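Below: work-v3.cif (mmCIF, C-alpha atoms)
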```cif
data_work
loop_
_atom_site.label_atom_id
_atom_site.label_comp_id
_atom_site.auth_asym_id
_atom_site.auth_seq_id
_atom_site.Cartn_x
_atom_site.Cartn_y
_atom_site.Cartn_z
CA MET A 237 -43.66 -6.64 -8.14
CA PRO A 238 -44.29 -4.54 -5.07
CA HIS A 239 -46.25 -1.44 -6.01
CA SER A 240 -46.89 0.59 -2.88
CA PRO A 241 -44.11 2.83 -1.55
CA ALA A 242 -43.95 0.78 1.67
CA GLU A 243 -43.58 -2.50 -0.26
CA LYS A 244 -40.90 -1.02 -2.53
CA LYS A 245 -39.00 0.31 0.48
CA ARG A 246 -39.13 -3.12 2.15
CA VAL A 247 -37.84 -4.84 -1.02
CA VAL A 248 -35.07 -2.28 -1.54
CA THR A 249 -34.04 -2.70 2.12
CA ARG A 250 -33.82 -6.47 1.63
CA LEU A 251 -31.82 -6.00 -1.57
CA ARG A 252 -29.36 -3.74 0.23
CA ARG A 253 -29.00 -6.32 2.98
CA ILE A 254 -28.30 -8.99 0.37
CA GLN A 255 -25.78 -6.69 -1.31
CA GLY A 256 -24.04 -6.16 2.04
CA GLN A 257 -23.93 -9.90 2.65
CA ALA A 258 -22.43 -10.48 -0.81
CA LEU A 259 -19.77 -7.84 -0.23
CA ALA A 260 -18.94 -9.32 3.18
CA LEU A 261 -18.62 -12.74 1.56
CA GLU A 262 -16.25 -11.33 -1.06
CA ARG A 263 -14.12 -9.75 1.65
CA ALA A 264 -14.07 -13.02 3.57
CA VAL A 265 -12.87 -14.92 0.50
CA ASN A 266 -10.16 -12.33 -0.17
CA GLU A 267 -9.03 -12.54 3.45
CA GLY A 268 -8.79 -16.33 3.31
CA THR A 269 -11.55 -17.00 5.84
CA GLU A 270 -12.01 -20.66 6.75
CA CYS A 271 -14.50 -22.72 4.74
CA GLY A 272 -16.91 -23.23 7.63
CA ALA A 273 -17.39 -19.50 8.09
CA LEU A 274 -17.77 -19.02 4.34
CA LEU A 275 -20.43 -21.71 4.21
CA GLN A 276 -22.30 -20.02 7.03
CA GLN A 277 -22.21 -16.70 5.18
CA LEU A 278 -23.33 -18.41 1.97
CA ALA A 279 -26.26 -20.01 3.78
CA ALA A 280 -27.29 -16.61 5.17
CA LEU A 281 -27.05 -15.07 1.70
CA ARG A 282 -29.11 -17.89 0.20
CA GLY A 283 -31.72 -17.50 2.95
CA ALA A 284 -32.00 -13.78 2.33
CA THR A 285 -32.35 -14.31 -1.41
CA ASN A 286 -34.94 -17.05 -0.92
CA GLY A 287 -36.92 -14.80 1.41
CA LEU A 288 -36.94 -12.00 -1.14
CA MET A 289 -37.91 -14.41 -3.92
CA ALA A 290 -40.80 -15.74 -1.84
CA GLU A 291 -42.03 -12.23 -1.05
CA VAL A 292 -41.96 -11.10 -4.69
CA LEU A 293 -43.50 -14.38 -5.85
CA GLU A 294 -46.33 -14.01 -3.33
CA SER A 295 -46.96 -10.46 -4.48
CA HIS A 296 -47.02 -11.62 -8.10
CA LEU A 297 -49.43 -14.48 -7.34
CA ARG A 298 -51.76 -12.22 -5.42
CA GLU A 299 -51.70 -9.58 -8.13
CA THR A 300 -52.22 -12.09 -10.94
CA PHE A 301 -54.97 -14.18 -9.40
CA LEU A 302 -56.80 -11.64 -7.28
CA GLN A 303 -57.08 -9.21 -10.17
CA SER A 304 -58.27 -11.99 -12.46
CA ALA A 305 -60.81 -13.19 -9.89
CA GLN A 306 -62.10 -9.66 -9.37
CA GLY A 307 -62.23 -8.93 -13.08
CA GLY A 308 -59.92 -6.01 -12.48
CA GLN A 309 -57.19 -6.89 -14.92
CA GLN A 310 -56.61 -4.07 -17.35
CA GLY A 311 -55.45 -4.46 -20.92
CA PRO A 312 -55.78 -7.64 -22.94
CA ARG A 313 -57.01 -10.61 -20.91
CA ILE A 314 -54.34 -13.25 -20.34
CA GLU A 315 -55.62 -16.79 -20.40
CA PRO A 316 -55.34 -18.72 -17.11
CA GLU A 317 -53.34 -21.48 -18.83
CA SER A 318 -50.78 -18.92 -19.99
CA GLN A 319 -50.61 -17.39 -16.49
CA ILE A 320 -49.99 -20.81 -14.98
CA ASP A 321 -47.27 -21.58 -17.55
CA ASP A 322 -45.53 -18.28 -16.79
CA LEU A 323 -45.72 -18.84 -13.03
CA MET A 324 -44.48 -22.40 -13.30
CA ARG A 325 -41.47 -21.21 -15.30
CA ILE A 326 -40.68 -18.78 -12.49
CA VAL A 327 -41.18 -21.40 -9.76
CA ARG A 328 -39.02 -23.94 -11.59
CA SER A 329 -36.17 -21.44 -11.95
CA TYR A 330 -36.56 -20.59 -8.25
CA LEU A 331 -36.29 -24.24 -7.23
CA LYS A 332 -33.10 -24.92 -9.21
#
```
Write the structure described by the file as structure tokens, please.
Amino acid sequence: MPHSPAEKKRVVTRLRRIQGQALALERAVNEGTECGALLQQLAALRGATNGLMAEVLESHLRETFLQSAQGGQQGPRIEPESQIDDLMRIVRSYLK
């Protein structure tokens, strides 16, 4: 999860762009836009979502592993095996 104000702003901006793409896609469907154009819009929406997912995943990986490596993790220590299991669950859902 992005923590700095700049990172949060960047993520919220991407989310708003994705929201705009989804609304445009809905309008296109309601207007009976041809399939080719709809597919192009869907691909753009998927690309935007994948980009956001990659950015948040990278932030999560850096936070999880850099804090662990630096001994800076606060609260109860999470075992590396558990961290890997959690991350793999996220990656698998992302790849579906």
For A:Ile254, find every residue with an atom within 10 Å (counting all atoms listed in the file), except residues of its own chain fewer than 5 positions away, and show them as number ranges by chain. A: 248-249, 259-260, 280-285, 288
Those residues with C-alpha atoms, as a PDB file, keeping the file's coordinate frame please?
```pdb
ATOM      1  CA  VAL A 248     -35.070  -2.280  -1.540  1.00  0.00           C
ATOM      2  CA  THR A 249     -34.040  -2.700   2.120  1.00  0.00           C
ATOM      3  CA  LEU A 259     -19.770  -7.840  -0.230  1.00  0.00           C
ATOM      4  CA  ALA A 260     -18.940  -9.320   3.180  1.00  0.00           C
ATOM      5  CA  ALA A 280     -27.290 -16.610   5.170  1.00  0.00           C
ATOM      6  CA  LEU A 281     -27.050 -15.070   1.700  1.00  0.00           C
ATOM      7  CA  ARG A 282     -29.110 -17.890   0.200  1.00  0.00           C
ATOM      8  CA  GLY A 283     -31.720 -17.500   2.950  1.00  0.00           C
ATOM      9  CA  ALA A 284     -32.000 -13.780   2.330  1.00  0.00           C
ATOM     10  CA  THR A 285     -32.350 -14.310  -1.410  1.00  0.00           C
ATOM     11  CA  LEU A 288     -36.940 -12.000  -1.140  1.00  0.00           C
TER      12      LEU A 288
END
```
Go through the shown structure with the PyMOL selection byres ((chain A and resi 291) around 12) and write out the matching residues as a list in words.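 Applied to this file, the PyMOL selection byres ((chain A and resi 291) around 12) returns Met237, Pro238, Glu243, Lys244, Arg246, Val247, Arg250, Leu251, Ala284, Thr285, Asn286, Gly287, Leu288, Met289, Ala290, Val292, Leu293, Glu294, Ser295, His296, Leu297 and Arg298 of chain A.
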For the residues selected in the previous step, produce a file with C-alpha atoms as a compact mmCIF listing (two decimals), in the coordinates of the input.
```txt
# COMPACT_ATOMS: atom_id res chain seq x y z
CA MET A 237 -43.66 -6.64 -8.14
CA PRO A 238 -44.29 -4.54 -5.07
CA GLU A 243 -43.58 -2.50 -0.26
CA LYS A 244 -40.90 -1.02 -2.53
CA ARG A 246 -39.13 -3.12 2.15
CA VAL A 247 -37.84 -4.84 -1.02
CA ARG A 250 -33.82 -6.47 1.63
CA LEU A 251 -31.82 -6.00 -1.57
CA ALA A 284 -32.00 -13.78 2.33
CA THR A 285 -32.35 -14.31 -1.41
CA ASN A 286 -34.94 -17.05 -0.92
CA GLY A 287 -36.92 -14.80 1.41
CA LEU A 288 -36.94 -12.00 -1.14
CA MET A 289 -37.91 -14.41 -3.92
CA ALA A 290 -40.80 -15.74 -1.84
CA VAL A 292 -41.96 -11.10 -4.69
CA LEU A 293 -43.50 -14.38 -5.85
CA GLU A 294 -46.33 -14.01 -3.33
CA SER A 295 -46.96 -10.46 -4.48
CA HIS A 296 -47.02 -11.62 -8.10
CA LEU A 297 -49.43 -14.48 -7.34
CA ARG A 298 -51.76 -12.22 -5.42
```
Interatomic distance between atom CA of A:Leu275 and atom CA of A:Ile326?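 These atoms are spaced 26.4 Å apart.
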Picked residues, the PyMOL selection byres ((chain A and resi 261) around 12), expected as an MDAnalysis selection string: chainID A and resid 254:260 262:271 273:282
Atom CA of A:His239 to atom CA of A:Val327: how many Å, to one decimal?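 These atoms are spaced 20.9 Å apart.
Pairwise distance (atom CA of A:Glu317, atom CA of A:Glu299) equals 16.1 Å.
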